[in-house]
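Asker: For reference, this is run_36.cif, and it has mmCIF, C-alpha atoms and all ligand atoms.
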data_model
loop_
_atom_site.label_atom_id
_atom_site.label_comp_id
_atom_site.auth_asym_id
_atom_site.auth_seq_id
_atom_site.Cartn_x
_atom_site.Cartn_y
_atom_site.Cartn_z
CA MET A 1 50.19 99.29 160.30
CA GLU A 2 48.26 101.60 162.55
CA ARG A 3 50.09 104.85 162.90
CA MET A 4 51.02 106.81 159.81
CA LEU A 5 53.31 109.79 159.53
CA VAL A 6 53.15 112.01 156.46
CA VAL A 7 56.07 114.46 156.13
CA GLY A 8 55.14 117.59 154.18
CA ALA A 9 51.65 119.10 154.10
CA GLY A 10 51.75 120.56 150.59
CA THR A 11 49.69 119.61 147.55
CA MET A 12 50.29 115.89 148.03
CA GLY A 13 51.06 115.41 151.72
CA ALA A 14 47.85 116.99 153.07
CA GLN A 15 45.61 114.82 150.91
CA ILE A 16 47.67 111.65 151.45
CA ALA A 17 47.34 112.20 155.20
CA MET A 18 43.58 112.59 154.82
CA VAL A 19 43.39 109.39 152.72
CA CYS A 20 45.12 107.55 155.60
CA ALA A 21 42.83 109.12 158.23
CA LEU A 22 39.68 108.33 156.22
CA ALA A 23 40.84 104.70 156.03
CA GLY A 24 40.99 104.55 159.84
CA HIS A 25 44.67 105.16 160.56
CA ASP A 26 45.91 107.45 163.31
CA THR A 27 47.82 109.88 161.14
CA THR A 28 50.18 112.74 161.82
CA VAL A 29 51.17 115.23 159.16
CA THR A 30 54.16 117.48 159.67
CA ASP A 31 55.58 120.51 157.92
CA LEU A 32 58.09 123.24 158.66
CA THR A 33 55.68 125.94 159.87
CA ASP A 34 52.30 126.24 161.58
CA ASP A 35 51.13 128.47 158.72
CA VAL A 36 51.56 125.73 156.13
CA LEU A 37 49.77 123.27 158.41
CA ALA A 38 46.88 125.70 158.99
CA ARG A 39 46.53 126.19 155.22
CA ALA A 40 46.59 122.43 154.68
CA GLU A 41 43.91 121.88 157.33
CA SER A 42 41.60 124.59 156.00
CA SER A 43 41.94 123.40 152.41
CA LEU A 44 41.14 119.82 153.50
CA ARG A 45 38.14 121.11 155.50
CA SER A 46 36.66 122.93 152.52
CA ARG A 47 37.32 120.04 150.15
CA LEU A 48 35.70 117.48 152.47
CA ASP A 49 32.81 119.80 153.31
CA ARG A 50 32.13 119.90 149.57
CA ASP A 51 32.26 116.08 149.45
CA VAL A 52 29.69 115.94 152.28
CA ALA A 53 27.48 118.54 150.58
CA ASN A 54 27.62 116.51 147.34
CA GLY A 55 26.75 113.29 149.16
CA ARG A 56 30.13 111.68 148.39
CA ARG A 57 30.95 111.21 152.09
CA THR A 58 29.07 111.39 155.35
CA GLY A 59 29.71 114.14 157.89
CA ASP A 60 30.37 111.46 160.54
CA ASP A 61 33.12 109.84 158.43
CA VAL A 62 34.76 113.19 157.84
CA ASP A 63 34.57 114.20 161.52
CA ALA A 64 36.04 110.84 162.54
CA ALA A 65 38.87 111.25 160.02
CA PHE A 66 39.72 114.75 161.31
CA ALA A 67 39.72 113.34 164.86
CA ARG A 68 42.38 110.82 163.76
CA LEU A 69 44.51 113.46 162.02
CA THR A 70 47.14 115.51 163.87
CA PHE A 71 48.89 118.53 162.34
CA THR A 72 52.23 119.35 163.95
CA THR A 73 55.67 120.81 163.27
CA GLY A 74 57.06 118.25 165.75
CA LEU A 75 58.55 115.69 163.40
CA ASP A 76 60.68 113.98 166.02
CA GLY A 77 57.83 113.03 168.37
CA ALA A 78 55.58 111.93 165.52
CA ALA A 79 58.28 109.73 163.97
CA SER A 80 58.95 107.92 167.24
CA THR A 81 55.56 106.15 167.13
CA ALA A 82 55.06 105.70 163.36
CA ASP A 83 54.59 102.29 161.75
CA LEU A 84 54.91 103.74 158.28
CA VAL A 85 56.17 107.09 157.02
CA ILE A 86 55.17 108.65 153.72
CA GLU A 87 57.59 111.46 152.90
CA ALA A 88 55.98 114.12 150.68
CA ALA A 89 58.39 117.04 151.20
CA VAL A 90 59.89 119.16 148.43
CA GLU A 91 61.40 117.36 145.46
CA LYS A 92 65.05 117.93 146.42
CA LEU A 93 67.45 115.05 146.91
CA ASP A 94 69.48 116.65 149.70
CA VAL A 95 66.31 117.53 151.68
CA LYS A 96 64.97 114.01 151.28
CA ARG A 97 68.27 112.32 152.18
CA GLU A 98 68.53 114.44 155.32
CA LEU A 99 64.92 113.61 156.22
CA PHE A 100 65.44 109.87 155.68
CA ALA A 101 68.57 109.87 157.85
CA ARG A 102 66.63 111.71 160.58
CA LEU A 103 63.56 109.46 160.26
CA ASP A 104 65.79 106.38 160.45
CA LYS A 105 67.14 107.54 163.81
CA LEU A 106 63.70 108.45 165.18
CA ALA A 107 61.28 105.83 163.88
CA PRO A 108 60.84 102.43 165.55
CA PRO A 109 63.02 99.69 164.02
CA HIS A 110 60.03 97.97 162.37
CA ALA A 111 58.82 101.15 160.64
CA ILE A 112 58.79 101.34 156.85
CA LEU A 113 60.02 104.61 155.31
CA THR A 114 58.46 105.49 151.95
CA THR A 115 58.74 108.46 149.66
CA ASN A 116 55.98 109.81 147.47
CA SER A 117 58.58 111.27 145.12
CA SER A 118 57.77 111.27 141.42
CA ALA A 119 61.37 111.14 140.30
CA ILE A 120 63.69 110.41 143.21
CA MET A 121 63.92 106.67 143.51
CA SER A 122 64.19 104.93 146.85
CA SER A 123 67.67 103.60 145.91
CA GLN A 124 68.81 107.25 146.10
CA LEU A 125 67.54 107.46 149.70
CA ALA A 126 67.96 103.95 151.11
CA ASP A 127 71.67 104.35 151.91
CA ALA A 128 70.93 107.44 154.01
CA THR A 129 69.29 104.98 156.43
CA GLY A 130 70.32 101.86 158.29
CA ARG A 131 67.24 100.02 157.01
CA PRO A 132 67.46 99.90 153.19
CA ASP A 133 65.25 96.79 153.18
CA ARG A 134 62.41 98.92 154.61
CA VAL A 135 62.64 101.84 152.17
CA ALA A 136 60.45 102.15 149.06
CA ASN A 137 58.54 104.57 146.84
CA MET A 138 54.82 104.80 147.49
CA HIS A 139 53.80 107.08 144.66
CA PHE A 140 50.34 108.68 144.84
CA PHE A 141 48.82 110.80 142.08
CA ASN A 142 47.36 114.29 142.26
CA PRO A 143 44.73 114.80 143.68
CA ALA A 144 45.52 111.99 146.12
CA LEU A 145 42.01 111.97 147.59
CA VAL A 146 40.61 111.10 144.17
CA MET A 147 43.19 109.27 142.07
CA ARG A 148 43.15 105.53 142.66
CA CYS A 149 46.60 104.55 141.40
CA VAL A 150 49.51 104.11 143.80
CA GLU A 151 52.78 102.88 142.30
CA VAL A 152 54.82 100.72 144.67
CA VAL A 153 58.50 100.68 143.73
CA GLY A 154 61.37 99.12 145.63
CA SER A 155 65.12 99.33 145.08
CA SER A 156 67.25 96.19 144.80
CA ALA A 157 67.63 96.38 148.60
CA THR A 158 63.89 96.53 149.39
CA SER A 159 62.62 93.30 150.94
CA ASP A 160 59.66 91.35 149.60
CA ALA A 161 57.99 91.83 152.99
CA THR A 162 58.22 95.61 152.60
CA MET A 163 56.83 95.50 149.06
CA GLU A 164 53.94 93.33 150.26
CA ALA A 165 53.23 95.54 153.28
CA VAL A 166 53.19 98.74 151.20
CA THR A 167 51.04 97.11 148.51
CA GLU A 168 48.60 95.86 151.12
CA LEU A 169 48.49 99.27 152.76
CA ALA A 170 47.71 100.95 149.42
CA ARG A 171 44.85 98.49 148.93
CA SER A 172 43.54 99.17 152.44
CA LEU A 173 43.50 102.88 151.62
CA GLY A 174 41.07 102.12 148.79
CA LYS A 175 43.77 102.54 146.13
CA GLU A 176 44.76 100.34 143.20
CA PRO A 177 48.44 99.44 143.71
CA VAL A 178 50.66 99.07 140.63
CA VAL A 179 53.77 97.13 141.61
CA LEU A 180 56.96 97.66 139.61
CA HIS A 181 59.33 94.71 139.40
CA LYS A 182 62.32 97.00 138.90
CA GLU A 183 63.13 100.65 139.56
CA ILE A 184 63.02 102.94 136.54
CA PRO A 185 63.00 106.76 136.60
CA GLY A 186 59.45 108.07 136.11
CA PHE A 187 57.92 104.69 137.01
CA VAL A 188 55.03 103.61 134.72
CA ALA A 189 52.23 106.19 134.52
CA ASN A 190 54.47 109.27 134.33
CA ARG A 191 56.67 107.69 131.66
CA ILE A 192 53.60 107.21 129.48
CA LEU A 193 52.35 110.69 130.35
CA GLY A 194 55.83 112.08 129.57
CA ALA A 195 55.79 110.58 126.08
CA VAL A 196 52.44 112.29 125.39
CA ARG A 197 53.70 115.56 126.89
CA ASP A 198 56.90 115.51 124.81
CA GLU A 199 54.84 115.09 121.67
CA ALA A 200 52.47 117.94 122.69
CA ILE A 201 55.47 120.25 123.23
CA PHE A 202 57.03 119.14 119.94
CA LEU A 203 53.78 120.09 118.14
CA LEU A 204 53.66 123.45 119.96
CA GLU A 205 57.33 124.38 119.47
CA ASN A 206 57.13 123.51 115.77
CA GLY A 207 54.12 125.77 115.30
CA ILE A 208 51.82 122.91 114.32
CA ALA A 209 48.94 123.79 116.66
CA THR A 210 48.12 125.98 119.66
CA VAL A 211 48.13 124.95 123.32
CA GLU A 212 44.31 125.10 123.29
CA ASP A 213 43.92 122.96 120.17
CA ILE A 214 46.41 120.32 121.29
CA ASP A 215 44.55 120.03 124.61
CA THR A 216 41.23 119.89 122.76
CA ALA A 217 42.49 117.05 120.52
CA CYS A 218 43.54 115.01 123.55
CA ARG A 219 40.19 115.53 125.25
CA THR A 220 37.86 115.12 122.30
CA ALA A 221 39.71 112.57 120.14
CA LEU A 222 41.52 110.48 122.74
CA GLY A 223 39.06 110.74 125.62
CA TYR A 224 41.62 112.21 128.04
CA PRO A 225 39.87 114.01 130.92
CA MET A 226 42.35 116.87 130.50
CA GLY A 227 44.87 117.93 127.85
CA PRO A 228 48.62 117.73 128.57
CA PHE A 229 49.01 121.51 128.99
CA GLU A 230 45.98 121.75 131.28
CA LEU A 231 47.42 118.93 133.34
CA MET A 232 50.88 120.54 133.58
CA ASP A 233 49.23 123.75 134.82
CA LEU A 234 47.27 121.76 137.40
CA THR A 235 50.16 119.73 138.80
CA GLY A 236 52.76 122.51 138.63
CA ILE A 237 55.05 122.93 135.64
CA GLU A 238 58.17 122.66 137.81
CA ILE A 239 57.28 119.08 138.81
CA GLY A 240 57.79 117.79 135.27
CA TYR A 241 60.82 120.06 134.85
CA HIS A 242 62.56 118.60 137.91
CA ALA A 243 61.51 115.08 136.92
CA LYS A 244 63.23 115.60 133.54
CA LEU A 245 66.39 116.95 135.16
CA ALA A 246 66.45 113.99 137.55
CA ARG A 247 66.00 111.57 134.67
CA HIS A 248 68.74 113.30 132.68
CA ALA A 249 71.06 113.08 135.70
CA VAL A 250 70.63 109.30 135.63
CA SER A 251 70.59 108.71 131.86
CA GLY A 252 72.85 111.50 130.54
CA ASP A 253 70.62 111.44 127.45
CA PRO A 254 70.04 114.98 126.10
CA ARG A 255 66.53 113.90 125.00
CA ASP A 256 65.69 113.69 128.73
CA LEU A 257 66.40 117.41 129.29
CA PRO A 258 63.39 119.71 129.86
CA SER A 259 62.10 121.49 126.74
CA ARG A 260 62.91 125.13 125.96
CA THR A 261 59.28 126.14 126.56
CA VAL A 262 59.04 124.48 129.97
CA THR A 263 62.45 125.80 131.04
CA GLU A 264 61.43 129.38 130.16
CA LEU A 265 58.16 129.08 132.13
CA VAL A 266 59.94 127.69 135.20
CA GLU A 267 62.64 130.38 135.04
CA ARG A 268 59.93 133.07 134.90
CA GLY A 269 58.12 131.48 137.88
CA ASP A 270 55.02 130.78 135.76
CA LEU A 271 54.33 127.39 137.32
CA GLY A 272 50.64 126.95 136.42
CA ARG A 273 47.49 127.35 138.48
CA LYS A 274 49.34 127.89 141.75
CA THR A 275 51.05 131.05 140.43
CA GLY A 276 48.07 132.21 138.32
CA LYS A 277 49.99 131.69 135.06
CA GLY A 278 51.46 128.78 133.15
CA PHE A 279 50.42 127.67 129.68
CA TYR A 280 47.12 129.42 130.49
CA THR A 281 46.36 132.36 132.80
CA TYR A 282 43.95 132.21 135.74
CA ASP A 283 42.04 134.82 137.69
CA GLU A 284 41.96 135.08 141.49
CA SER A 285 39.19 132.49 141.81
CA GLY A 286 41.23 130.05 139.73
CA ASP A 287 39.13 130.33 136.55
CA ARG A 288 40.92 130.40 133.22
CA THR A 289 40.94 133.86 131.65
N1 LIG B 301 52.31 117.65 142.91
C1 LIG B 301 52.13 116.50 142.30
O1 LIG B 301 51.37 116.39 141.35
C2 LIG B 301 52.86 115.26 142.76
C3 LIG B 301 52.37 114.00 142.38
C4 LIG B 301 53.00 112.85 142.85
C5 LIG B 301 54.12 112.96 143.67
N2 LIG B 301 54.59 114.19 144.01
C6 LIG B 301 55.74 114.24 144.90
O2 LIG B 301 55.28 114.61 146.20
C7 LIG B 301 56.30 115.37 146.87
C8 LIG B 301 55.67 116.67 147.35
O3 LIG B 301 55.17 117.38 146.24
P1 LIG B 301 54.08 118.54 146.43
O4 LIG B 301 53.57 118.84 145.07
O5 LIG B 301 53.13 118.17 147.51
O6 LIG B 301 55.04 119.72 146.92
P2 LIG B 301 54.64 121.04 147.74
O7 LIG B 301 55.72 122.01 147.46
O8 LIG B 301 53.21 121.41 147.51
O9 LIG B 301 54.77 120.55 149.26
C9 LIG B 301 55.97 120.21 149.85
C10 LIG B 301 55.87 120.56 151.32
O10 LIG B 301 57.01 120.02 151.99
C11 LIG B 301 57.36 120.94 153.00
N3 LIG B 301 58.73 120.67 153.43
C12 LIG B 301 59.88 121.03 152.85
N4 LIG B 301 60.94 120.57 153.57
C13 LIG B 301 60.41 119.89 154.62
C14 LIG B 301 60.98 119.19 155.72
N5 LIG B 301 62.30 119.11 155.88
N6 LIG B 301 60.12 118.62 156.60
C15 LIG B 301 58.80 118.70 156.44
N7 LIG B 301 58.21 119.35 155.41
C16 LIG B 301 59.01 119.93 154.52
C17 LIG B 301 57.16 122.31 152.37
O11 LIG B 301 57.02 123.32 153.36
C18 LIG B 301 55.86 122.08 151.59
O12 LIG B 301 54.70 122.41 152.34
C19 LIG B 301 57.43 115.55 145.87
O13 LIG B 301 58.43 114.58 146.15
C20 LIG B 301 56.79 115.26 144.52
O14 LIG B 301 57.67 114.66 143.60
C21 LIG B 301 53.98 115.35 143.59
#
How would this structure read if it were set down as structure tokens?
Ligand SMILES: NC(=O)c1ccc[n+]([C@@H]2O[C@H](COP(=O)([O-])OP(=O)(O)OC[C@H]3O[C@@H](n4cnc5c(N)ncnc54)[C@H](O)[C@@H]3O)[C@@H](O)[C@H]2O)c1

Answerer:
Amino acid sequence: MERMLVVGAGTMGAQIAMVCALAGHDTTVTDLTDDVLARAESSLRSRLDRDVANGRRTGDDVDAAFARLTFTTGLDGAASTADLVIEAAVEKLDVKRELFARLDKLAPPHAILTTNSSAIMSSQLADATGRPDRVANMHFFNPALVMRCVEVVGSSATSDATMEAVTELARSLGKEPVVLHKEIPGFVANRILGAVRDEAIFLLENGIATVEDIDTACRTALGYPMGPFELMDLTGIEIGYHAKLARHAVSGDPRDLPSRTVTELVERGDLGRKTGKGFYTYDESGDRT
């Protein structure tokens, strides 16, 4: 496992690519436009400069990582030399299936194709490829440079060798792999988070307490670093919304549908910090108003 390809340079892809580069892998990150790649590079530069200034990393390590990291819109060339692909493109099944079919044609036969998807399971992608035994979920958490958990989830077609290779890779990236023995929508951490979130929304929609007070209770009574509403604003409210819809598509259970409150926010385009408004509002420097 030497050469990594990360597809998608958004919130997750850019940082996942940097995690791979910091761990010593030659890494390419692709996206649709040079603008997105330039934004990803400059946001990584400022984040890592801060880490150096705070003494969390050395300037030499960061320079070496940037030297191993290539930003390009040329997916085809990058895929042809990849040992492992981590797909972190938009959370849309048709986009991911098309990407997996394309990656399958381009990547060397030994390459493992993983998706960082939170809700789309690798069994929904494996049959778009001719290598279902080498397809799995490698699920990082936001922010990927910081969060140590990586869930490793295979479908019934994923080989033991693939599961072991992905688990070992996660460990070599300095992460703590959590291996699921079976696929289940939402995996482990987000299912538990979802149960807490559902309860927070129940309390809000029934007028029991405010957004602020529910978040405060989670932080000050339960020791959570962030309340559920603060976290939804940070990760993007549409992520949980789409995860719910995907889970409902599998289960058919109306309890899996997104809540009224979340649906209204998504329909208004109030997606959290990235749009300046979600459960809270934010000023231009990202501070809560
Ligand atoms: N945001 C989170 O907290 C989080 C956490 C864990 C997993 N995920 C998963 O990671 C994936 C990416 O999420 P994100 O939050 O980084 O999304 P994002 O919207 O920030 O980034 C997605 C990027 O993919 C690019 N893209 C779209 N189609 C592409 C294609 N065909 N080829 C290459 N790039 C393409 C977009 O231009 C965009 O830059 C999703 O599957 C999501 O479920 C997200």

Asker: Residues at most 10 Å from Ala79 (chain A), counting all atoms listed in the file, excluding those fewer than 3 positions away in the same chain, as an MDAnalysis selection string?

Answerer: chainID A and resid 3:7 28 30 74:76 82:85 102:108 111

Asker: Check which residues fall inside 8 Å of ligand LIG 301 (chain B) when counting all atoms listed in the file, and print them as a PyMOL selection string.

Answerer: chain A and resi 7-14+30-33+36-37+73+75+87-92+95-96+98-99+115-120+139-143+234-236+239+243

Asker: Hey, which of A:Ala136, A:Pro228, A:Ser172, A:Glu199 ends up closest to Glu212 (chain A)? Count only C-alpha atoms.

Answerer: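 Residue with the minimum atom-to-atom distance to Glu212 (chain A): A:Pro228.
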
Asker: Find the residue from A:Met121, A:Pro132, A:Glu176, A:Thr281 that sits nearest to Pro109 (chain A); use only C-alpha atoms when measuring.

Answerer: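 Selected residue with least distance to Pro109 (chain A): A:Pro132.
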
Asker: How many Å lie between CA of Thr167 (chain A) and CA of Gly154 (chain A), rounded to one decimal?

Answerer: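 Result for CA of Thr167 (chain A) versus CA of Gly154 (chain A): 10.9 Å, one decimal.
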
Asker: Find, counting all atoms listed in the file, the residue in A:Asp283, A:Asn54, A:Ala144, A:Arg134 that gets nearest to Ala170 (chain A).

Answerer: A:Ala144

Asker: Using all atoms listed in the file, tabulate the residues of region 175-239 of chain A lying at most 9 Å from any atom of region 244-262 of chain A, each with its closest atom pair and that distance in Å to one decimal, by chain and increasing residue number, as JSON lines.

Answerer:
{"residue": "A:Pro185", "atom": "CA", "partner": "A:Arg247", "partner_atom": "CA", "distance": 6.0}
{"residue": "A:Gly186", "atom": "CA", "partner": "A:Arg247", "partner_atom": "CA", "distance": 7.6}
{"residue": "A:Asp198", "atom": "CA", "partner": "A:Ser259", "partner_atom": "CA", "distance": 8.2}
{"residue": "A:Ile201", "atom": "CA", "partner": "A:Ser259", "partner_atom": "CA", "distance": 7.6}
{"residue": "A:Phe202", "atom": "CA", "partner": "A:Ser259", "partner_atom": "CA", "distance": 8.8}
{"residue": "A:Glu205", "atom": "CA", "partner": "A:Thr261", "partner_atom": "CA", "distance": 7.6}
{"residue": "A:Ile237", "atom": "CA", "partner": "A:Val262", "partner_atom": "CA", "distance": 7.1}
{"residue": "A:Glu238", "atom": "CA", "partner": "A:Val262", "partner_atom": "CA", "distance": 8.1}
{"residue": "A:Ile239", "atom": "CA", "partner": "A:Lys244", "partner_atom": "CA", "distance": 8.7}

Asker: Just checking: using only C-alpha atoms, which residue out of A:His110, A:Arg57, A:Lys277, A:Arg68 ends up closest to Ser80 (chain A)?

Answerer: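 Ranking A:His110, A:Arg57, A:Lys277, A:Arg68 by distance to Ser80 (chain A), first place goes to A:His110.
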
Asker: Have a look at CA of Arg268 (chain A) and CA of Phe229 (chain A) and let me know their distance in Å, one decimal.

Answerer: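 A separation of 17.0 Å between them.
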
Asker: What does the distance from CA of Asn206 (chain A) to CA of Leu193 (chain A) come to in Å, to one decimal?

Answerer: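 Interatomic distance here is 20.0 Å.
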
Asker: Using all atoms listed in the file for the distances, tell me which of A:Ala195, A:Leu271, A:Phe279, A:Met226 is nearest to Val211 (chain A).

Answerer: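 Checking each candidate against Val211 (chain A), we get A:Phe279 as the closest.
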
Asker: Please determine, counting all atoms listed in the file, which residue among A:Leu69, A:Leu203, A:Ala17, A:Val196 has the shortest atom-to-atom distance to Leu231 (chain A).

Answerer: A:Val196

Asker: Please tell me which residues are no farther than 12 Å from (32.8, 114.8, 160.8) in the file, counting all atoms listed in the file, and write them as an MDAnalysis selection string.

Answerer: chainID A and resid 21:22 45 48:49 51:52 57:69

Asker: Could you add whatever atoms are missing so that region 263-283 of chain A carries N, CA, C and O atoms, then write the result as a short mmCIF file (atom, residue, chain, number, x, y, z; two decimals), in the frame of the given file?

Answerer:
data_model
loop_
_atom_site.label_atom_id
_atom_site.label_comp_id
_atom_site.auth_asym_id
_atom_site.auth_seq_id
_atom_site.Cartn_x
_atom_site.Cartn_y
_atom_site.Cartn_z
N THR A 263 61.36 125.15 130.31
CA THR A 263 62.45 125.80 131.04
C THR A 263 62.17 127.30 131.19
O THR A 263 62.33 127.88 132.27
N GLU A 264 61.71 127.93 130.10
CA GLU A 264 61.43 129.38 130.16
C GLU A 264 60.32 129.67 131.18
O GLU A 264 60.41 130.61 131.96
N LEU A 265 59.27 128.86 131.17
CA LEU A 265 58.16 129.08 132.13
C LEU A 265 58.66 128.95 133.57
O LEU A 265 58.34 129.77 134.43
N VAL A 266 59.45 127.91 133.83
CA VAL A 266 59.94 127.69 135.20
C VAL A 266 60.85 128.84 135.61
O VAL A 266 60.75 129.36 136.72
N GLU A 267 61.73 129.29 134.69
CA GLU A 267 62.64 130.38 135.04
C GLU A 267 61.89 131.69 135.31
O GLU A 267 62.33 132.50 136.11
N ARG A 268 60.73 131.86 134.64
CA ARG A 268 59.93 133.07 134.90
C ARG A 268 59.06 132.93 136.14
O ARG A 268 58.41 133.87 136.57
N GLY A 269 58.99 131.71 136.71
CA GLY A 269 58.12 131.48 137.88
C GLY A 269 56.66 131.29 137.49
O GLY A 269 55.77 131.37 138.34
N ASP A 270 56.40 131.04 136.21
CA ASP A 270 55.02 130.78 135.76
C ASP A 270 54.79 129.27 135.86
O ASP A 270 55.02 128.52 134.90
N LEU A 271 54.33 128.83 137.03
CA LEU A 271 54.33 127.39 137.32
C LEU A 271 52.96 126.74 137.12
O LEU A 271 52.79 125.57 137.42
N GLY A 272 51.98 127.53 136.64
CA GLY A 272 50.64 126.95 136.42
C GLY A 272 49.63 127.59 137.35
O GLY A 272 49.78 128.74 137.77
N ARG A 273 48.59 126.81 137.68
CA ARG A 273 47.49 127.35 138.48
C ARG A 273 47.96 128.00 139.78
O ARG A 273 47.43 129.01 140.21
N LYS A 274 48.96 127.37 140.43
CA LYS A 274 49.34 127.89 141.75
C LYS A 274 49.96 129.28 141.69
O LYS A 274 49.96 129.99 142.68
N THR A 275 50.49 129.69 140.54
CA THR A 275 51.05 131.05 140.43
C THR A 275 50.15 131.94 139.56
O THR A 275 50.51 133.09 139.28
N GLY A 276 49.00 131.42 139.12
CA GLY A 276 48.07 132.21 138.32
C GLY A 276 48.43 132.26 136.84
O GLY A 276 47.69 132.81 136.02
N LYS A 277 49.57 131.66 136.47
CA LYS A 277 49.99 131.69 135.06
C LYS A 277 50.88 130.49 134.76
O LYS A 277 51.75 130.13 135.56
N GLY A 278 50.62 129.89 133.63
CA GLY A 278 51.46 128.78 133.15
C GLY A 278 51.28 128.77 131.65
O GLY A 278 51.51 129.77 130.98
N PHE A 279 50.79 127.67 131.10
CA PHE A 279 50.42 127.67 129.68
C PHE A 279 49.16 128.52 129.47
O PHE A 279 48.95 129.09 128.42
N TYR A 280 48.33 128.57 130.50
CA TYR A 280 47.12 129.42 130.49
C TYR A 280 47.27 130.44 131.61
O TYR A 280 48.16 130.31 132.47
N THR A 281 46.37 131.43 131.65
CA THR A 281 46.36 132.36 132.80
C THR A 281 45.05 132.17 133.56
O THR A 281 44.02 131.79 132.97
N TYR A 282 45.09 132.47 134.85
CA TYR A 282 43.95 132.21 135.74
C TYR A 282 43.66 133.47 136.55
O TYR A 282 44.59 134.20 136.93
N ASP A 283 42.36 133.68 136.84
CA ASP A 283 42.04 134.82 137.69
C ASP A 283 42.13 134.41 139.16
O ASP A 283 42.49 133.27 139.47
#
